[in-house]
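This is my_file37.txt (compact mmCIF, C-alpha atoms and all ligand atoms).
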```
# COMPACT_ATOMS: atom_id res chain seq x y z
CA MET J 1 87.99 98.87 6.14
CA ASN J 2 89.11 98.04 9.68
CA THR J 3 91.71 100.29 11.25
CA VAL J 4 94.31 97.93 12.71
CA ARG J 5 96.29 99.26 15.66
CA SER J 6 99.83 97.85 15.57
CA ARG J 7 102.10 97.06 18.46
CA PRO J 8 105.12 99.42 18.78
CA VAL J 9 107.97 98.26 16.53
CA VAL J 10 111.41 97.80 18.07
CA LEU J 11 114.28 97.67 15.58
CA CYS J 12 116.95 95.24 16.82
CA LEU J 13 120.52 95.37 15.55
CA SER J 14 122.10 92.28 17.07
CA GLY J 15 123.91 89.03 16.32
CA HIS J 16 122.35 85.62 15.72
CA ASP J 17 122.97 82.79 18.19
CA PRO J 18 122.00 79.44 16.63
CA SER J 19 121.29 77.92 20.05
CA GLY J 20 118.48 80.44 20.51
CA GLY J 21 119.44 81.44 24.05
CA ALA J 22 120.89 84.86 23.29
CA GLY J 23 121.15 87.29 20.38
CA LEU J 24 118.24 88.07 18.09
CA GLN J 25 116.06 85.20 19.28
CA ALA J 26 116.31 86.53 22.81
CA ASP J 27 115.49 90.01 21.51
CA ILE J 28 112.43 88.84 19.60
CA GLU J 29 111.01 86.83 22.49
CA ALA J 30 111.64 89.48 25.15
CA ILE J 31 110.19 92.26 22.97
CA MET J 32 107.10 90.17 22.14
CA ALA J 33 106.60 89.51 25.84
CA GLN J 34 106.33 93.29 26.45
CA GLY J 35 103.58 93.56 23.83
CA CYS J 36 105.80 95.00 21.09
CA HIS J 37 106.85 93.78 17.65
CA ALA J 38 110.57 93.02 17.05
CA ALA J 39 112.11 93.82 13.65
CA PRO J 40 115.43 91.91 13.71
CA THR J 41 118.33 93.15 11.57
CA VAL J 42 121.28 90.73 11.70
CA THR J 43 124.68 92.33 12.37
CA ALA J 44 126.70 89.14 12.84
CA LEU J 45 126.43 85.36 12.77
CA THR J 46 127.89 83.34 15.61
CA VAL J 47 128.75 79.67 16.00
CA GLN J 48 127.88 78.71 19.55
CA ASN J 49 125.78 76.56 21.84
CA SER J 50 124.83 76.63 25.49
CA ILE J 51 128.44 75.90 26.43
CA ASP J 52 130.52 78.42 24.48
CA VAL J 53 131.22 80.40 21.31
CA SER J 54 133.62 78.95 18.73
CA ASP J 55 133.41 81.58 15.97
CA PHE J 56 131.59 84.63 14.65
CA ARG J 57 131.39 86.59 11.44
CA VAL J 58 130.30 90.21 11.11
CA LEU J 59 128.08 90.90 8.09
CA ASP J 60 129.09 93.35 5.34
CA ALA J 61 127.93 96.89 6.04
CA ASP J 62 125.78 97.09 2.88
CA TRP J 63 123.74 94.06 3.97
CA VAL J 64 123.08 95.56 7.38
CA LEU J 65 122.19 98.95 5.91
CA ALA J 66 119.86 97.29 3.40
CA GLN J 67 118.06 95.26 6.09
CA ALA J 68 117.51 98.28 8.34
CA ASP J 69 116.50 100.43 5.35
CA ALA J 70 113.83 97.92 4.32
CA VAL J 71 112.30 98.12 7.79
CA ILE J 72 112.61 101.89 8.27
CA LYS J 73 110.99 102.59 4.88
CA ASP J 74 108.05 100.37 5.76
CA MET J 75 107.33 100.74 9.47
CA THR J 76 107.17 103.44 12.13
CA VAL J 77 109.95 102.43 14.49
CA ALA J 78 109.19 103.22 18.15
CA GLY J 79 112.46 102.08 19.73
CA VAL J 80 115.85 100.56 19.00
CA LYS J 81 117.85 97.83 20.71
CA LEU J 82 121.56 97.44 19.96
CA GLY J 83 123.30 94.19 20.85
CA MET J 84 126.35 92.39 19.45
CA LEU J 85 128.01 94.49 16.72
CA GLY J 86 131.28 92.56 16.56
CA SER J 87 133.58 95.10 14.86
CA VAL J 88 134.51 98.77 14.97
CA SER J 89 133.27 99.24 11.41
CA MET J 90 129.85 97.78 12.37
CA VAL J 91 129.67 100.45 15.09
CA ASP J 92 130.06 103.07 12.32
CA THR J 93 127.38 101.36 10.23
CA VAL J 94 124.98 101.44 13.17
CA VAL J 95 125.74 105.14 13.77
CA GLN J 96 124.71 105.73 10.14
CA ILE J 97 121.41 103.89 10.71
CA LEU J 98 120.67 105.76 13.93
CA GLN J 99 121.05 109.12 12.18
CA ARG J 100 117.73 108.27 10.47
CA LEU J 101 116.00 107.45 13.75
CA GLN J 102 116.52 110.51 15.89
CA GLY J 103 114.32 111.16 18.91
CA LEU J 104 113.59 107.49 19.62
CA PRO J 105 114.51 105.55 22.76
CA ILE J 106 117.70 103.59 22.06
CA VAL J 107 119.02 100.86 24.36
CA CYS J 108 122.68 99.99 23.87
CA ASP J 109 123.81 96.63 25.28
CA PRO J 110 127.59 96.73 24.87
CA VAL J 111 128.06 93.01 24.14
CA LEU J 112 131.69 91.88 24.12
CA ARG J 113 131.49 88.37 25.64
CA ALA J 114 129.02 85.49 25.56
CA GLY J 115 127.54 84.25 28.81
CA GLY J 116 130.07 81.37 28.76
CA GLY J 117 132.96 83.85 28.48
CA GLY J 118 133.80 83.53 24.73
CA ALA J 119 134.71 86.78 22.93
CA LEU J 120 132.11 88.42 20.67
CA GLY J 121 134.25 91.44 19.86
CA LYS J 122 137.56 93.00 20.83
CA ASP J 123 137.74 95.62 23.57
CA GLU J 124 138.23 98.24 20.78
CA VAL J 125 134.62 97.56 19.75
CA GLY J 126 133.57 98.53 23.28
CA TYR J 127 135.64 101.73 23.12
CA ALA J 128 134.05 102.62 19.76
CA MET J 129 130.58 102.01 21.27
CA ARG J 130 131.51 104.25 24.19
CA GLU J 131 132.69 107.08 21.93
CA ARG J 132 130.10 106.90 19.16
CA LEU J 133 126.99 105.03 20.36
CA LEU J 134 126.63 105.87 24.06
CA PRO J 135 126.24 109.58 23.23
CA VAL J 136 123.20 108.87 21.01
CA ALA J 137 121.69 106.11 23.19
CA THR J 138 118.99 106.71 25.80
CA ILE J 139 120.53 104.11 28.10
CA ALA J 140 123.44 101.65 28.10
CA THR J 141 123.09 98.35 29.97
CA PRO J 142 126.56 96.90 30.67
CA ASN J 143 127.08 94.24 33.30
CA LEU J 144 129.92 95.07 35.69
CA PRO J 145 132.63 93.22 33.67
CA GLU J 146 131.51 95.10 30.51
CA ALA J 147 131.38 98.42 32.39
CA ARG J 148 134.97 97.84 33.58
CA ILE J 149 136.11 97.28 29.99
CA LEU J 150 134.27 100.35 28.68
CA ALA J 151 135.58 102.50 31.54
CA GLU J 152 139.10 101.00 31.24
CA LEU J 153 139.04 100.36 35.00
CA PRO J 154 139.83 96.62 35.39
CA ASN J 155 138.94 96.56 39.11
CA GLY J 156 136.54 99.50 39.16
CA THR J 157 133.49 99.57 41.41
CA PRO J 158 130.12 100.32 39.76
CA ASP J 159 130.31 103.91 41.07
CA GLU J 160 133.83 104.40 39.69
CA CYS J 161 132.84 102.98 36.28
CA ALA J 162 129.72 105.16 36.22
CA ALA J 163 131.74 108.29 36.98
CA LYS J 164 133.92 107.51 33.97
CA LEU J 165 131.05 106.56 31.63
CA LEU J 166 128.26 109.03 32.48
CA PRO J 167 129.86 111.86 30.51
CA PHE J 168 129.19 109.69 27.45
CA CYS J 169 125.55 108.77 28.06
CA GLN J 170 122.23 109.96 29.51
CA HIS J 171 121.46 106.87 31.59
CA LEU J 172 123.55 103.88 32.55
CA LEU J 173 122.30 100.63 34.09
CA ILE J 174 125.17 98.56 35.50
CA THR J 175 123.86 95.09 36.28
CA GLY J 176 125.28 92.98 39.08
CA GLY J 177 124.42 89.48 37.93
CA HIS J 178 128.06 88.49 37.52
CA GLY J 179 128.95 89.08 41.20
CA GLU J 180 128.89 86.75 44.18
CA GLU J 181 126.69 88.44 46.84
CA SER J 182 123.38 86.73 47.74
CA ARG J 183 121.46 89.85 46.59
CA VAL J 184 122.05 91.22 43.08
CA HIS J 185 122.46 95.01 42.94
CA ASN J 186 121.49 96.64 39.64
CA ARG J 187 122.40 100.32 39.64
CA LEU J 188 120.84 103.03 37.49
CA TYR J 189 122.89 106.23 37.09
CA SER J 190 121.60 109.31 35.27
CA ARG J 191 123.42 112.32 33.91
CA ASP J 192 121.28 114.63 36.10
CA GLY J 193 122.99 113.08 39.14
CA SER J 194 120.13 110.82 40.24
CA THR J 195 120.80 107.18 41.07
CA ALA J 196 118.60 104.21 41.93
CA THR J 197 119.44 100.69 43.04
CA PHE J 198 117.19 97.74 42.25
CA THR J 199 117.95 94.59 44.21
CA CYS J 200 116.74 91.04 43.73
CA ASP J 201 117.62 87.58 45.05
CA ARG J 202 120.51 85.91 43.24
CA LEU J 203 119.27 82.78 41.49
CA PRO J 204 121.49 79.70 41.36
CA GLY J 205 122.98 78.73 37.99
CA SER J 206 124.57 80.39 35.02
CA TYR J 207 122.44 81.89 32.26
CA HIS J 208 122.86 82.42 28.53
CA GLY J 209 121.13 85.49 27.11
CA SER J 210 120.18 87.27 30.32
CA GLY J 211 121.76 90.55 29.18
CA CYS J 212 119.99 90.39 25.80
CA THR J 213 116.70 89.65 27.56
CA LEU J 214 117.02 92.64 29.88
CA ALA J 215 118.13 95.14 27.21
CA SER J 216 115.37 94.04 24.81
CA ALA J 217 112.65 94.09 27.46
CA LEU J 218 113.84 97.59 28.36
CA ALA J 219 113.70 98.72 24.71
CA GLY J 220 110.15 97.36 24.52
CA ARG J 221 109.11 99.15 27.69
CA LEU J 222 110.58 102.46 26.49
CA ALA J 223 108.90 101.97 23.09
CA LEU J 224 105.60 101.64 24.96
CA GLY J 225 106.22 105.10 26.41
CA GLU J 226 107.29 104.24 29.96
CA ASP J 227 109.71 106.63 31.67
CA THR J 228 113.25 105.36 32.19
CA HIS J 229 112.94 104.48 35.88
CA THR J 230 109.65 102.58 35.41
CA ALA J 231 110.94 100.85 32.27
CA VAL J 232 114.11 99.69 34.08
CA GLU J 233 112.09 98.43 37.06
CA ASN J 234 109.68 96.50 34.84
CA ALA J 235 112.40 95.10 32.56
CA LEU J 236 114.45 93.90 35.55
CA ALA J 237 111.41 92.26 37.15
CA TYR J 238 110.52 90.52 33.87
CA THR J 239 114.11 89.34 33.36
CA TRP J 240 114.29 87.95 36.92
CA ARG J 241 111.14 85.90 36.25
CA THR J 242 112.62 84.52 32.99
CA LEU J 243 115.67 83.38 34.95
CA ARG J 244 113.60 81.89 37.78
CA ASP J 245 111.69 79.87 35.15
CA ALA J 246 114.79 79.08 33.02
CA ASP J 247 115.23 75.74 31.33
CA ARG J 248 118.29 73.83 30.16
CA PRO J 249 117.91 72.61 26.58
CA GLY J 250 121.62 71.74 26.23
CA ALA J 251 124.50 70.60 28.40
CA GLY J 252 125.71 74.06 29.39
CA GLN J 253 124.08 77.23 30.65
CA TYR J 254 120.40 77.73 31.46
CA PHE J 255 118.24 79.69 29.00
CA PRO J 256 115.80 82.34 30.23
CA ARG J 257 112.17 81.35 29.63
CA ARG J 258 110.91 84.52 28.01
CA LEU J 259 107.45 83.52 26.81
N1 LIG A 301 124.52 88.58 21.35
C1 LIG A 301 124.82 87.42 20.80
C2 LIG A 301 124.68 87.21 19.33
C3 LIG A 301 125.27 86.42 21.59
O1 LIG A 301 125.55 85.27 21.01
C4 LIG A 301 125.43 86.64 23.00
C5 LIG A 301 125.89 85.56 23.86
O2 LIG A 301 126.13 84.47 23.52
C6 LIG A 301 125.12 87.85 23.53
C7 LIG A 301 124.66 88.80 22.67
C8 LIG A 301 125.24 88.18 24.98
O3 LIG A 301 124.72 87.23 25.81
P1 LIG A 301 124.27 87.55 27.30
O4 LIG A 301 122.90 88.07 27.23
O5 LIG A 301 124.36 86.22 27.97
O6 LIG A 301 125.21 88.57 27.85
```

Show how you would write the structure in this file as structure tokens.
Amino acid sequence: MNTVRSRPVVLCLSGHDPSGGAGLQADIEAIMAQGCHAAPTVTALTVQNSIDVSDFRVLDADWVLAQADAVIKDMTVAGVKLGMLGSVSMVDTVVQILQRLQGLPIVCDPVLRAGGGGALGKDEVGYAMRERLLPVATIATPNLPEARILAELPNGTPDECAAKLLPFCQHLLITGGHGEESRVHNRLYSRDGSTATFTCDRLPGSYHGSGCTLASALAGRLALGEDTHTAVENALAYTWRTLRDADRPGAGQYFPRRL
């Protein structure tokens, strides 16, 4: 019998975006592009397109637990990616799932808004993620607007937000894609006091699913065994290329070209 070597499995706990630009489809594509296998557990359904979100519904906890259980019983999970959770009670459900997956790299993307600005969860969901998920995650990947919500500093600089959030997590990557400067500054902060800044040229246009792409690529890289700094560098470089090559299947935002 042949011994088949499998790609590392990344368990994704994220929402579904029917336009395919963000959410689980973004996770699957970005994880595949790193050479890993994505196992997508649906936490929420959204109604949205490339322009905006009009509604979302969070799944019942028992459905989410059952989906994750089916995967965990069957496969050796090598990493976890958390995306849209949508409610405080879904945060608790995810905490329950993570208790069975200790010692794995976990990337927490604290999704509260869609790329077009529509809400995908109240700020309380962000506070619950900060209190209960950041402490068990390897790294959180907020953009600056999300970091300001989590840190409860509406005009905070990245450094000020990091000072408030680092007590909760090991590593924090605050992305700068939502700013205005011609160079984007993505800042990695670590609990041991080290920091690193990764800069890249700002690309014109507005993108749907860039945060999901980055967080999933990072989960894939960590699942492959890369150290945090290398994984962040590679995931950022990959994400930048997907934005450079983005296409526009609808009338609104551009979609990263992940494969
Ligand atoms: N997760 C889901 C299900 C979404 O629908 C979205 C945005 O629409 C996001 C996450 C976050 O998107 P982005 O990567 O643009 O921040």

Q.
Can you pull out every residue with an atom within 6 Å of ligand LIG 301 (chain A)? Use only C-alpha atoms and all ligand atoms and format it as an MDAnalysis selection string.
A. chainID J and resid 15:17 22:23 83:84 111 114:115 208:212

Q) Using only C-alpha atoms, which residues sit within 7 Å of Ser50 in chain J once same-chain residues fewer than 3 positions away are excluded, as a PyMOL selection string? A) chain J and resi 19+208+250-253

Q. Quick one: residues within 10 Å of range 52-67 of chain J, all atoms listed in the file counted, chain neighbours fewer than 4 positions away excluded, as a count of residues only?
A. 40

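With all atoms listed in the file as the atoms that count, the residue of J:Arg241, J:His229, J:Lys122, J:Arg5 with the shortest distance to Phe255 in chain J is J:Arg241.
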
Q: Please indicate the distance in Å from CA of Val88 in chain J to CA of Val125 in chain J, rounded to one decimal place.
A: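 Straight-line distance from CA of Val88 in chain J to CA of Val125 in chain J works out to 4.9 Å.
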
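Distance check against Leu214 in chain J using all atoms listed in the file: of J:Glu233, J:Glu226, J:Glu180, J:Glu131, the minimum falls on J:Glu233.
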
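Using only C-alpha atoms, the nearest neighbour of Leu24 in chain J within the list J:Ala162, J:Asn155, J:Pro249, J:Ala215 is J:Ala215.
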
Q: Have a look at CA of Cys36 in chain J and CA of Gln102 in chain J and let me know their distance in Å, one decimal.
A: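 We find that CA of Cys36 in chain J and CA of Gln102 in chain J lie 19.6 Å from each other.
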
Q: For Ala78 in chain J, list every protein, DNA or RNA residue within 10 Å, evaluated using only C-alpha atoms, and leave out those in the same chain fewer than 3 positions away; present the list as a PyMOL selection string.
A: chain J and resi 7-11+36-37+75+101+103-106+219-220+222-225

Hey, what's within 7 Å of Ala246 in chain J if we count all atoms listed in the file and toss same-chain stuff fewer than 5 positions away? As a PDB file with C-alpha atoms, keeping the file's coordinate frame, please?
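That gives us out_7.pdb:
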```pdb
ATOM      1  CA  TYR J 254     120.400  77.730  31.460  1.00  0.00           C
ATOM      2  CA  PHE J 255     118.240  79.690  29.000  1.00  0.00           C
ATOM      3  CA  PRO J 256     115.800  82.340  30.230  1.00  0.00           C
ATOM      4  CA  ARG J 257     112.170  81.350  29.630  1.00  0.00           C
TER       5      ARG J 257
END
```

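The closest residue to Ala137 in chain J, picked from J:Pro204, J:Gly35, J:Gly177, J:Pro110 and counting all atoms listed in the file, is J:Pro110.
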
(Q) Ranking J:Cys200, J:Cys161, J:Val95, J:Ala151 by minimum distance to Asp123 in chain J and counting all atoms listed in the file, which one comes first? (A)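 Of J:Cys200, J:Cys161, J:Val95, J:Ala151, the one nearest Asp123 in chain J is J:Ala151, counting all atoms listed in the file.
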
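CA of Val184 in chain J sits 23.4 Å away from CA of Thr138 in chain J.
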
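Nearest to Ser190 in chain J of all the residues J:Asp74, J:Ile28, J:Gln170, J:Thr175 is J:Gln170, based on all atoms listed in the file.
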
Would you compute, for all listed atoms of range 196-209 of chain J, the axis-aligned bounding box grown by 8 Å on each side, and then report its centre and edge lengths in Å rounded to one decimal, as AutoDock Vina command-line options?
```
--center_x 120.7 --center_y 91.5 --center_z 36.1 --size_x 23.8 --size_y 41.5 --size_z 33.9
```

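The residue set within 10 Å of Leu203 in chain J, counting only C-alpha atoms and dropping same-chain residues fewer than 4 places from it, reads Gly177, Ser182, Arg183, Val184, Tyr207, Trp240, Leu243 and Arg244 of chain J.
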